[in-house]
>>> print(open('entry_36.txt').read())   # compact mmCIF, C-alpha atoms (C1' of nucleotides)
# COMPACT_ATOMS: atom_id res chain seq x y z
CA MET R 1 130.99 79.75 82.82
CA LYS R 2 134.46 78.76 83.99
CA PHE R 3 135.49 77.84 87.54
CA THR R 4 139.10 77.91 88.72
CA LEU R 5 140.06 76.42 92.03
CA LYS R 6 142.53 78.64 93.82
CA ALA R 7 143.37 77.35 97.29
CA LYS R 8 142.43 74.43 99.51
CA ASP R 9 142.45 74.34 103.29
CA SER R 10 144.58 71.54 104.74
CA ALA R 11 142.53 70.99 107.90
CA SER R 12 139.08 70.99 106.31
CA SER R 13 137.35 70.72 102.94
CA ALA R 14 137.19 74.51 102.56
CA ARG R 15 138.45 75.96 99.32
CA THR R 16 138.62 79.22 97.40
CA GLY R 17 138.17 79.80 93.72
CA VAL R 18 136.76 82.12 91.13
CA PHE R 19 134.18 81.63 88.42
CA THR R 20 133.73 83.77 85.36
CA THR R 21 130.50 84.75 83.67
CA ASP R 22 129.97 87.15 80.79
CA HIS R 23 128.87 89.70 83.38
CA GLY R 24 131.96 89.39 85.53
CA GLU R 25 133.96 87.29 87.95
CA VAL R 26 132.80 85.87 91.25
CA ARG R 27 135.19 84.84 93.99
CA THR R 28 134.20 81.85 96.09
CA PRO R 29 133.13 81.16 98.76
CA ILE R 30 130.50 83.77 98.05
CA PHE R 31 127.21 84.94 99.48
CA MET R 32 124.61 86.07 96.94
CA PRO R 33 122.05 88.68 98.03
CA VAL R 34 118.50 87.71 97.12
CA GLY R 35 116.63 90.01 94.73
CA THR R 36 113.49 87.97 94.15
CA VAL R 37 111.37 90.29 92.06
CA GLY R 38 114.18 92.25 90.46
CA SER R 39 115.48 94.19 93.42
CA VAL R 40 117.46 93.44 96.54
CA LYS R 41 114.78 94.87 98.80
CA GLY R 42 115.66 98.29 100.13
CA VAL R 43 119.19 98.50 98.72
CA TYR R 44 120.49 100.56 95.80
CA HIS R 45 122.63 98.75 93.22
CA ARG R 46 125.22 101.46 93.88
CA ASP R 47 125.45 100.34 97.50
CA LEU R 48 125.45 96.67 96.54
CA VAL R 49 128.54 97.33 94.45
CA GLN R 50 130.41 100.05 96.35
CA ASP R 51 129.53 99.39 100.00
CA ILE R 52 128.35 95.79 100.28
CA ASN R 53 130.69 94.39 97.61
CA ALA R 54 128.09 92.01 96.21
CA GLU R 55 129.50 90.08 93.25
CA ILE R 56 126.35 88.30 92.10
CA ILE R 57 122.65 88.61 92.98
CA LEU R 58 119.59 86.40 92.67
CA GLY R 59 116.31 86.70 90.89
CA ASN R 60 113.38 84.36 91.05
CA THR R 61 111.72 82.75 88.05
CA TYR R 62 108.40 82.18 89.79
CA HIS R 63 108.04 85.80 90.87
CA LEU R 64 109.39 87.39 87.69
CA TYR R 65 107.26 85.15 85.49
CA LEU R 66 104.14 86.29 87.34
CA ARG R 67 105.23 89.93 87.54
CA PRO R 68 106.28 91.84 85.45
CA GLY R 69 105.92 88.83 83.13
CA LEU R 70 108.03 87.43 80.31
CA ASP R 71 106.75 89.83 77.70
CA THR R 72 108.03 92.87 79.59
CA LEU R 73 111.34 91.23 80.46
CA ASN R 74 111.86 90.23 76.86
CA LYS R 75 111.06 93.73 75.56
CA ALA R 76 113.47 95.15 78.15
CA GLY R 77 116.22 92.92 76.76
CA GLY R 78 116.44 90.67 79.79
CA LEU R 79 116.59 91.11 83.53
CA HIS R 80 120.04 92.76 83.63
CA ARG R 81 118.92 95.64 81.46
CA PHE R 82 115.51 95.81 83.08
CA GLU R 83 116.89 96.30 86.57
CA SER R 84 120.19 97.95 85.50
CA TRP R 85 122.43 95.41 87.19
CA ASN R 86 125.55 94.76 85.17
CA GLY R 87 126.96 91.97 87.35
CA PRO R 88 126.10 88.28 87.27
CA ILE R 89 122.57 87.12 88.10
CA LEU R 90 121.46 83.66 89.20
CA THR R 91 117.80 82.72 88.94
CA ASP R 92 116.08 80.13 91.03
CA SER R 93 113.68 78.03 88.97
CA GLY R 94 110.66 78.59 91.19
CA GLY R 95 110.41 75.02 92.44
CA PHE R 96 110.92 76.17 95.99
CA GLN R 97 108.31 78.93 95.74
CA ILE R 98 105.70 76.49 94.53
CA PHE R 99 106.60 74.37 97.56
CA SER R 100 106.71 77.22 100.06
CA LEU R 101 104.08 79.78 99.16
CA THR R 102 101.48 78.19 96.95
CA LYS R 103 99.14 75.97 98.88
CA ILE R 104 97.10 75.30 95.79
CA ARG R 105 99.40 73.22 93.61
CA LYS R 106 99.42 69.91 91.86
CA ILE R 107 102.65 68.15 91.11
CA THR R 108 102.69 65.50 88.41
CA GLU R 109 105.36 63.85 86.39
CA GLU R 110 104.70 66.31 83.59
CA GLY R 111 105.30 69.36 85.78
CA CYS R 112 103.76 71.50 88.43
CA LYS R 113 100.40 73.24 88.22
CA PHE R 114 99.97 76.13 90.59
CA GLN R 115 97.88 79.18 91.27
CA SER R 116 99.41 82.63 91.47
CA HIS R 117 99.69 84.01 95.00
CA ILE R 118 98.93 87.41 93.45
CA ASP R 119 95.65 86.88 91.61
CA GLY R 120 94.89 83.17 91.81
CA SER R 121 95.44 82.67 88.06
CA ARG R 122 96.42 79.16 87.00
CA HIS R 123 99.83 78.28 85.56
CA MET R 124 102.08 75.34 84.93
CA PHE R 125 105.84 74.94 85.05
CA THR R 126 107.35 72.06 83.13
CA PRO R 127 111.10 71.46 82.91
CA GLU R 128 110.94 72.56 79.27
CA ASN R 129 109.03 75.80 79.69
CA ASN R 130 111.11 76.56 82.78
CA VAL R 131 114.29 76.57 80.66
CA ASP R 132 112.54 78.80 78.12
CA THR R 133 111.43 81.13 80.90
CA GLN R 134 114.92 81.44 82.36
CA ARG R 135 116.28 82.03 78.85
CA MET R 136 113.78 84.86 78.56
CA ILE R 137 114.85 86.31 81.91
CA GLY R 138 118.45 86.00 80.75
CA SER R 139 120.19 85.04 83.99
CA ASP R 140 123.85 84.03 83.91
CA ILE R 141 123.07 80.93 85.94
CA MET R 142 119.75 79.12 85.79
CA MET R 143 118.68 76.53 88.30
CA ALA R 144 117.03 73.26 87.35
CA LEU R 145 113.36 72.80 88.20
CA ASP R 146 113.09 70.52 91.21
CA GLU R 147 110.70 69.50 93.94
CA CYS R 148 111.86 70.66 97.35
CA CYS R 149 111.14 67.86 99.77
CA PRO R 150 110.20 68.88 103.35
CA GLY R 151 112.89 68.16 105.95
CA ASP R 152 110.62 65.85 107.93
CA ALA R 153 109.48 63.70 104.99
CA ASP R 154 109.73 59.93 105.43
CA GLU R 155 112.11 58.00 103.24
CA ARG R 156 109.41 56.58 100.97
CA TYR R 157 108.09 60.04 100.14
CA ALA R 158 111.63 61.43 99.79
CA ALA R 159 112.57 58.67 97.37
CA LYS R 160 109.49 59.29 95.26
CA SER R 161 110.17 63.02 95.30
CA LEU R 162 113.79 62.48 94.26
CA LYS R 163 112.71 60.31 91.34
CA LEU R 164 110.45 63.09 90.14
CA THR R 165 113.24 65.66 90.48
CA GLN R 166 115.59 63.38 88.52
CA GLY R 167 113.09 62.99 85.70
CA TRP R 168 112.63 66.73 85.58
CA LEU R 169 116.41 67.25 85.58
CA GLU R 170 116.82 65.00 82.53
CA ARG R 171 114.22 66.96 80.62
CA PHE R 172 115.50 70.31 81.85
CA TYR R 173 119.04 69.39 80.80
CA ARG R 174 117.90 68.21 77.37
CA ARG R 175 116.01 71.43 76.75
CA PHE R 176 118.97 73.44 78.03
CA CYS R 177 121.28 71.74 75.53
CA GLU R 178 118.81 72.25 72.68
CA THR R 179 118.30 75.98 73.19
CA GLU R 180 120.44 79.09 72.97
CA PRO R 181 120.68 82.26 75.05
CA LEU R 182 118.54 85.12 73.72
CA TYR R 183 120.61 88.16 74.59
CA GLY R 184 124.09 87.44 73.29
CA TYR R 185 125.82 86.27 76.48
CA ASP R 186 126.33 82.81 77.91
CA GLN R 187 123.99 81.11 80.36
CA ALA R 188 125.00 78.19 82.59
CA MET R 189 122.76 75.76 84.44
CA PHE R 190 123.07 74.04 87.82
CA PRO R 191 121.39 70.71 88.60
CA ILE R 192 119.99 70.45 92.14
CA ILE R 193 120.84 67.53 94.39
CA GLN R 194 117.86 66.45 96.48
CA GLY R 195 117.38 63.39 98.73
CA CYS R 196 116.19 64.94 101.97
CA VAL R 197 118.13 63.69 105.02
CA TYR R 198 118.71 60.18 103.67
CA PRO R 199 122.36 59.38 102.84
CA GLU R 200 121.55 56.75 100.25
CA LEU R 201 119.14 59.04 98.42
CA ARG R 202 121.70 61.85 98.44
CA ARG R 203 124.38 59.54 96.99
CA ARG R 204 121.97 58.36 94.34
CA ALA R 205 121.06 61.97 93.50
CA VAL R 206 124.69 63.02 93.04
CA ASP R 207 125.46 59.98 90.94
CA HIS R 208 122.49 60.62 88.68
CA ALA R 209 123.19 64.33 88.21
CA VAL R 210 126.92 63.98 87.62
CA THR R 211 126.53 61.01 85.26
CA LEU R 212 123.95 62.94 83.28
CA THR R 213 125.66 66.32 83.08
CA GLY R 214 129.30 65.88 84.13
CA ASP R 215 130.74 66.29 80.65
CA CYS R 216 128.75 69.37 79.74
CA ALA R 217 130.62 72.68 79.80
CA GLY R 218 127.30 74.50 80.16
CA VAL R 219 126.71 72.90 83.53
CA GLY R 220 128.43 75.51 85.66
CA GLY R 221 128.12 73.85 89.03
CA TYR R 222 125.97 71.76 91.33
CA ALA R 223 123.46 72.89 93.88
CA ILE R 224 122.45 71.15 97.08
CA GLY R 225 118.76 71.71 97.78
CA GLY R 226 116.21 70.53 100.28
CA LEU R 227 118.29 71.47 103.31
CA ALA R 228 117.51 74.01 106.03
CA VAL R 229 113.85 73.17 105.54
CA GLY R 230 113.04 72.04 109.06
CA GLU R 231 115.70 69.43 109.82
CA PRO R 232 118.31 70.02 112.58
CA ALA R 233 121.52 71.78 111.46
CA GLU R 234 123.60 68.74 112.38
CA GLN R 235 121.65 66.66 109.87
CA MET R 236 122.29 69.29 107.22
CA TYR R 237 126.03 69.11 107.92
CA GLU R 238 125.95 65.30 107.69
CA MET R 239 124.36 65.55 104.26
CA LEU R 240 127.05 68.01 103.14
CA GLU R 241 129.73 65.58 104.29
CA ILE R 242 128.15 62.91 102.10
CA VAL R 243 127.39 65.03 99.04
CA CYS R 244 130.40 67.36 98.65
CA PRO R 245 133.12 64.70 98.32
CA LEU R 246 131.08 63.03 95.55
CA LEU R 247 130.72 66.21 93.51
CA PRO R 248 133.33 67.12 90.89
CA GLU R 249 136.09 69.22 92.44
CA ASP R 250 136.29 71.56 89.48
CA ARG R 251 132.74 72.89 89.75
CA PRO R 252 131.35 75.24 92.39
CA ARG R 253 128.88 73.85 94.93
CA TYR R 254 125.89 75.91 95.89
CA LEU R 255 123.99 75.29 99.12
CA MET R 256 120.58 76.77 98.45
CA GLY R 257 118.85 78.99 100.94
CA VAL R 258 121.48 78.85 103.69
CA GLY R 259 121.69 80.42 106.13
CA THR R 260 122.92 81.86 109.42
CA PRO R 261 126.52 83.09 109.58
CA ALA R 262 127.40 79.96 111.57
CA ASN R 263 125.67 77.71 109.00
CA ILE R 264 127.70 79.34 106.24
CA LEU R 265 131.07 78.88 107.94
CA ALA R 266 130.20 75.28 108.82
CA ALA R 267 129.24 74.61 105.20
CA ILE R 268 132.35 76.30 103.81
CA SER R 269 134.49 74.00 105.93
CA ARG R 270 132.65 71.07 104.35
CA GLY R 271 133.39 72.24 100.82
CA VAL R 272 130.50 74.52 99.83
CA ASP R 273 131.29 77.54 97.62
CA MET R 274 128.06 79.48 97.12
CA PHE R 275 125.21 80.59 99.35
CA ASP R 276 122.07 82.63 99.21
CA CYS R 277 119.60 83.39 101.95
CA VAL R 278 116.81 85.83 102.70
CA MET R 279 117.92 86.02 106.31
CA PRO R 280 120.12 89.13 106.17
CA THR R 281 117.43 91.08 104.33
CA ARG R 282 114.14 89.65 105.58
CA ASN R 283 115.21 89.33 109.20
CA GLY R 284 116.97 92.66 108.84
CA ARG R 285 113.71 94.29 107.78
CA ASN R 286 112.23 92.96 110.98
CA GLY R 287 114.94 94.24 113.29
CA MET R 288 117.53 91.46 113.43
CA LEU R 289 121.15 92.50 113.01
CA PHE R 290 124.09 90.15 112.44
CA THR R 291 127.36 91.66 113.58
CA TRP R 292 130.93 90.64 114.30
CA ASN R 293 130.09 90.82 118.00
CA GLY R 294 126.85 88.86 117.84
CA ILE R 295 123.15 89.07 117.06
CA MET R 296 120.98 92.03 118.05
CA ASN R 297 117.22 92.51 117.93
CA MET R 298 117.05 96.24 117.29
CA ARG R 299 113.43 96.38 118.48
CA ASN R 300 114.51 95.51 122.02
CA SER R 301 114.13 98.43 124.40
CA LYS R 302 117.67 97.87 125.71
CA TRP R 303 119.00 99.87 122.74
CA GLN R 304 116.87 102.92 123.53
CA ASP R 305 119.79 104.98 124.91
CA ASP R 306 122.77 103.16 123.41
CA PHE R 307 124.51 105.72 121.21
CA SER R 308 127.45 103.48 120.24
CA PRO R 309 127.97 102.60 116.55
CA LEU R 310 125.98 99.68 115.10
CA ASP R 311 129.03 97.51 114.54
CA PRO R 312 132.46 99.00 115.24
CA ASP R 313 134.07 96.16 113.26
CA GLY R 314 131.54 96.33 110.41
CA ALA R 315 132.37 96.82 106.76
CA SER R 316 129.59 99.22 105.82
CA PHE R 317 129.45 102.97 106.22
CA VAL R 318 126.18 102.61 108.13
CA ASP R 319 128.04 100.70 110.86
CA ARG R 320 129.87 103.85 111.85
CA GLU R 321 127.42 106.57 110.80
CA CYS R 322 124.40 105.04 112.52
CA CYS R 323 124.12 104.37 116.26
CA LYS R 324 122.08 101.64 117.92
CA ALA R 325 119.64 104.03 119.62
CA TYR R 326 118.85 105.69 116.28
CA LEU R 327 118.20 102.42 114.45
CA HIS R 328 116.09 101.26 117.41
CA HIS R 329 114.05 104.44 117.07
CA LEU R 330 113.62 103.91 113.32
CA PHE R 331 112.27 100.40 113.90
CA ILE R 332 109.89 101.45 116.66
CA ALA R 333 108.66 104.31 114.46
CA LYS R 334 108.25 101.86 111.58
CA GLU R 335 110.33 104.05 109.30
CA MET R 336 111.19 102.37 105.98
CA PHE R 337 114.71 103.70 106.50
CA ALA R 338 115.10 101.17 109.35
CA ALA R 339 114.73 98.29 106.89
CA MET R 340 117.17 99.95 104.50
CA VAL R 341 119.88 100.48 107.13
CA ALA R 342 119.48 96.96 108.52
CA SER R 343 119.60 95.38 105.06
CA GLU R 344 122.66 97.40 104.12
CA HIS R 345 124.43 96.42 107.31
CA ASN R 346 123.49 92.72 107.23
CA LEU R 347 124.45 92.24 103.59
CA ALA R 348 127.75 94.04 104.13
CA PHE R 349 128.36 91.75 107.10
CA TYR R 350 127.56 88.59 105.13
CA LEU R 351 129.85 89.63 102.27
CA ASP R 352 132.56 90.58 104.76
CA LEU R 353 132.15 87.18 106.41
CA VAL R 354 132.81 85.26 103.19
CA ARG R 355 135.58 87.65 102.18
CA GLN R 356 137.37 86.99 105.47
CA ALA R 357 136.72 83.26 105.09
CA ARG R 358 138.46 83.37 101.70
CA ALA R 359 141.41 85.25 103.17
CA HIS R 360 141.81 82.75 106.01
CA ILE R 361 141.52 79.73 103.71
CA GLU R 362 144.29 81.21 101.61
CA ALA R 363 146.33 82.07 104.70
CA GLY R 364 145.96 78.50 105.94
CA ASP R 365 144.35 79.26 109.31
CA PHE R 366 140.69 78.88 108.37
CA SER R 367 139.64 76.25 110.89
CA LEU R 368 140.94 78.12 113.91
CA TRP R 369 139.43 81.37 112.69
CA LYS R 370 136.11 79.64 111.94
CA GLU R 371 135.69 78.28 115.48
CA GLU R 372 136.50 81.64 117.04
CA THR R 373 134.21 83.48 114.61
CA ILE R 374 131.26 81.13 115.12
CA ARG R 375 131.53 81.71 118.84
CA LYS R 376 131.54 85.48 118.35
CA VAL R 377 128.78 85.83 115.79
CA THR R 378 126.31 83.54 117.54
CA THR R 379 126.48 85.55 120.77
CA ARG R 380 123.16 87.15 121.77
CA LEU R 381 123.60 90.83 122.47
C1' G I 1 72.85 127.10 136.06
C1' U I 2 69.55 122.61 134.70
C1' G I 3 69.01 117.80 132.48
C1' C I 4 71.12 113.47 130.24
C1' G I 5 75.32 110.34 129.25
C1' A I 6 80.28 108.80 130.22
C1' U I 7 84.57 107.56 133.62
C1' U I 8 87.55 99.83 133.69
C1' A I 9 95.15 98.09 131.07
C1' G I 10 99.34 102.79 127.54
C1' U I 11 94.81 103.40 124.22
C1' U I 12 89.84 102.23 122.19
C1' C I 13 86.33 99.56 124.52
C1' A I 14 83.64 94.67 126.53
C1' G I 15 82.09 93.12 131.35
C1' U I 16 75.68 88.54 132.22
C1' U I 17 70.80 87.88 137.68
C1' G I 18 76.14 91.43 142.53
C1' G I 19 80.82 86.29 143.30
C1' U I 20 87.95 90.71 143.43
C1' A I 21 88.16 91.73 135.54
C1' G I 22 88.68 90.63 129.52
C1' A I 23 89.46 91.80 123.87
C1' G I 24 91.77 94.56 119.66
C1' C I 25 95.71 97.81 118.99
C1' A I 26 100.07 99.43 121.58
C1' C I 27 103.92 97.61 124.67
C1' C I 28 107.65 93.50 126.30
C1' A I 29 110.12 89.10 124.67
C1' G I 30 111.11 84.74 121.29
C1' A I 31 110.93 82.49 116.32
C1' U I 32 111.92 83.27 110.97
C1' U I 33 117.11 79.75 106.15
C1' G I 34 116.27 78.66 97.09
C1' U I 35 111.61 86.59 100.36
C1' G I 36 104.11 87.97 100.11
C1' G I 37 107.65 94.98 103.38
C1' U I 38 105.71 89.47 106.64
C1' U I 39 103.87 85.74 109.55
C1' C I 40 103.85 82.86 113.93
C1' U I 41 104.49 81.95 119.44
C1' G I 42 104.47 83.60 124.42
C1' G I 43 103.67 87.66 128.13
C1' G I 44 98.38 91.41 131.19
C1' U I 45 101.43 95.67 132.32
C1' G I 46 94.79 97.28 136.54
C1' U I 47 93.91 101.61 143.53
C1' C I 48 87.55 99.51 137.79
C1' G I 49 87.54 108.55 138.57
C1' U I 50 87.37 109.95 144.26
C1' G I 51 84.91 109.42 149.07
C1' G I 52 81.03 107.18 151.66
C1' G I 53 76.80 103.54 152.04
C1' U I 54 73.90 98.74 151.29
C1' U I 55 75.62 93.50 151.24
C1' C I 56 78.67 87.55 153.60
C1' G I 57 80.53 89.73 149.00
C1' A I 58 80.30 95.78 144.68
C1' G I 59 83.28 97.26 138.19
C1' C I 60 77.84 96.36 138.62
C1' C I 61 72.97 98.77 143.51
C1' C I 62 72.42 103.81 146.53
C1' C I 63 74.43 108.93 147.94
C1' A I 64 77.91 112.90 147.39
C1' C I 65 81.91 114.96 144.82
C1' A I 66 85.32 115.48 140.52
C1' U I 67 86.31 115.47 135.34
C1' C I 68 84.72 115.07 130.23
C1' G I 69 80.86 115.18 126.43
C1' C I 70 75.96 116.50 124.59
C1' A I 71 71.42 119.17 124.95
C1' C I 72 68.68 123.15 127.05
C1' C I 73 68.38 127.95 129.77
>>> encode(input="entry_36.txt", output="structure tokens")
Amino acid sequence: MKFTLKAKDSASSARTGVFTTDHGEVRTPIFMPVGTVGSVKGVYHRDLVQDINAEIILGNTYHLYLRPGLDTLNKAGGLHRFESWNGPILTDSGGFQIFSLTKIRKITEEGCKFQSHIDGSRHMFTPENNVDTQRMIGSDIMMALDECCPGDADERYAAKSLKLTQGWLERFYRRFCETEPLYGYDQAMFPIIQGCVYPELRRRAVDHAVTLTGDCAGVGGYAIGGLAVGEPAEQMYEMLEIVCPLLPEDRPRYLMGVGTPANILAAISRGVDMFDCVMPTRNGRNGMLFTWNGIMNMRNSKWQDDFSPLDPDGASFVDRECCKAYLHHLFIAKEMFAAMVASEHNLAFYLDLVRQARAHIEAGDFSLWKEETIRKVTTRL
RNA sequence: GUGCGAUUAGUUCAGUUGGUAGAGCACCAGAUUGUGGUUCUGGGUGUCGUGGGUUCGAGCCCCACAUCGCACC
């Protein structure tokens, strides 16, 4: 994987670039739709490509490992062929899922034991078998196995957690270097910077990861994890201001799991290049729409008789073909089509947002545009 | 026609020895950040079928009427 820096904003740390994988190019800053179990819920690949303009999507190691399982994925020839997506795929390692949705888990230095949320069966992820698993899935970018520390953890716990993550990173990296891709195309890995909301821990985490992996061409970029997990947004921005300047300039930076449109613009201005978040799809499925004019809850009865288009300034065909009253009706009637329309719209909006951010960084007026846009998109309609 | 039962929130139903009403769902809002098609939080929206009576006080007791259901002529 190769990253080329293209333009830098003079008034902020925002930048544009492009990275290349064997499945295609990705322009940064970019938003990556989440396709946990091998599908971006409710959206055809055709629409992802032609309407939403997605350039890379996510899959999740935890979910895919449990179902359909490695055997099936391997027989299929990897996740790309299995789900018929020819663009780049990034897989999360599953560390976050073990933190967020498995209550029954035991984390040790060796790895993480957990029970399946599907059938209660017992499993263990180690850094080594996690590399093997992501090789089997065949993603273009694999994420290191980490422990996601809660946003309200005290410094002692956060330090202990970081030490564990660092040990896992060393082993993950070693295994990554020792093994080869299985399906004939290149795979990169991203270390994950943890350290909770503690500046010194964050600095230590960057130093450790960059010292360990900085010379390796296979390390495609660096991720910032453990943010947007309960701490105030301002604290998240502070951490970005500490971490980003310490990361190598010639590698993309990925802020995991973030976030709202405002979060994304704020992070871009602090030097972040990649984002993923369930918000446009999950919240979309539940009636929340992000538009250029603000945020709407389509379940609200105020839309009952509003026949104006969803988002007159929107990038998707649904923004013009579908009116607010109709989408409101679909949600109230619990039609699955409601979730599809909302997901299509929200993802198109997110991709449009980063596309416009790129254009304004390159035009040199990003900061002004960002302030104006944050004000617009955070309005409650 | 006769007998029995029912009638309380949008709906299905609770409601103690008589002290001006509650629950689920629905509805109305809010939350959701490396996805369990969710989950969580808050909100009661009522002429207790109608009209009388007893009582300090009636959703509850008495009478009449209305409507619905069941059974029997």
>>> interface_residues(input="entry_36.txt", of="chain I", to="chain R", cutoff="9 Å", atoms="all atoms listed in the file", output="PyMOL selection string")
chain I and resi 28-29+32-38
>>> atom_distance(input="entry_36.txt", atom1="CA of Leu201 (chain R)", atom2="CA of Tyr254 (chain R)")
18.3 Å
>>> closest_residue(input="entry_36.txt", among="R:Arg175, R:Lys106, R:His360, R:His328", to="Asn130 (chain R)", atoms="only C-alpha atoms")
R:Arg175
>>> residues_around(input="entry_36.txt", residues="region 40-52 of chain I", least_positions_apart="6", cutoff="9 Å", atoms="only C-alpha atoms (C1' of nucleotides)", output="ChimeraX atom specification")
/I:7-10,21,27-32,59,63-67
>>> closest_residue(input="entry_36.txt", among="I:U11, I:C68, I:U2, I:A58", to="G24 (chain I)", atoms="all atoms listed in the file")
I:U11
>>> residues_near_point(input="entry_36.txt", point="(135.9, 72.3, 78.9)", cutoff="12 Å", atoms="all atoms listed in the file", output="VMD selection string")
chain R and resid 1 to 4 214 to 220 250 to 251
>>> decode(input="entry_36.txt", residues="region 50-68 of chain I", atoms="C-alpha atoms (C1' of nucleotides)", output="short mmCIF file (atom, residue, chain, number, x, y, z; two decimals), in the first residue's frame")
data_model
loop_
_atom_site.label_atom_id
_atom_site.label_comp_id
_atom_site.auth_asym_id
_atom_site.auth_seq_id
_atom_site.Cartn_x
_atom_site.Cartn_y
_atom_site.Cartn_z
"C1'" U I 50 -75.33 7.26 29.37
"C1'" G I 51 -78.84 9.11 33.06
"C1'" G I 52 -80.41 8.84 37.98
"C1'" G I 53 -79.83 7.07 43.26
"C1'" U I 54 -77.22 5.68 48.09
"C1'" U I 55 -72.89 7.98 50.60
"C1'" C I 56 -68.97 13.03 53.67
"C1'" G I 57 -66.97 10.54 49.30
"C1'" A I 58 -68.64 5.99 43.66
"C1'" G I 59 -64.56 3.08 38.37
"C1'" C I 60 -66.38 -0.08 42.53
"C1'" C I 61 -72.93 -0.45 45.74
"C1'" C I 62 -78.45 0.19 43.75
"C1'" C I 63 -82.03 1.38 39.50
"C1'" A I 64 -83.05 2.44 34.39
"C1'" C I 65 -81.32 2.85 29.53
"C1'" A I 66 -77.72 1.99 25.43
"C1'" U I 67 -74.20 -1.00 22.89
"C1'" C I 68 -71.49 -5.58 22.25
#
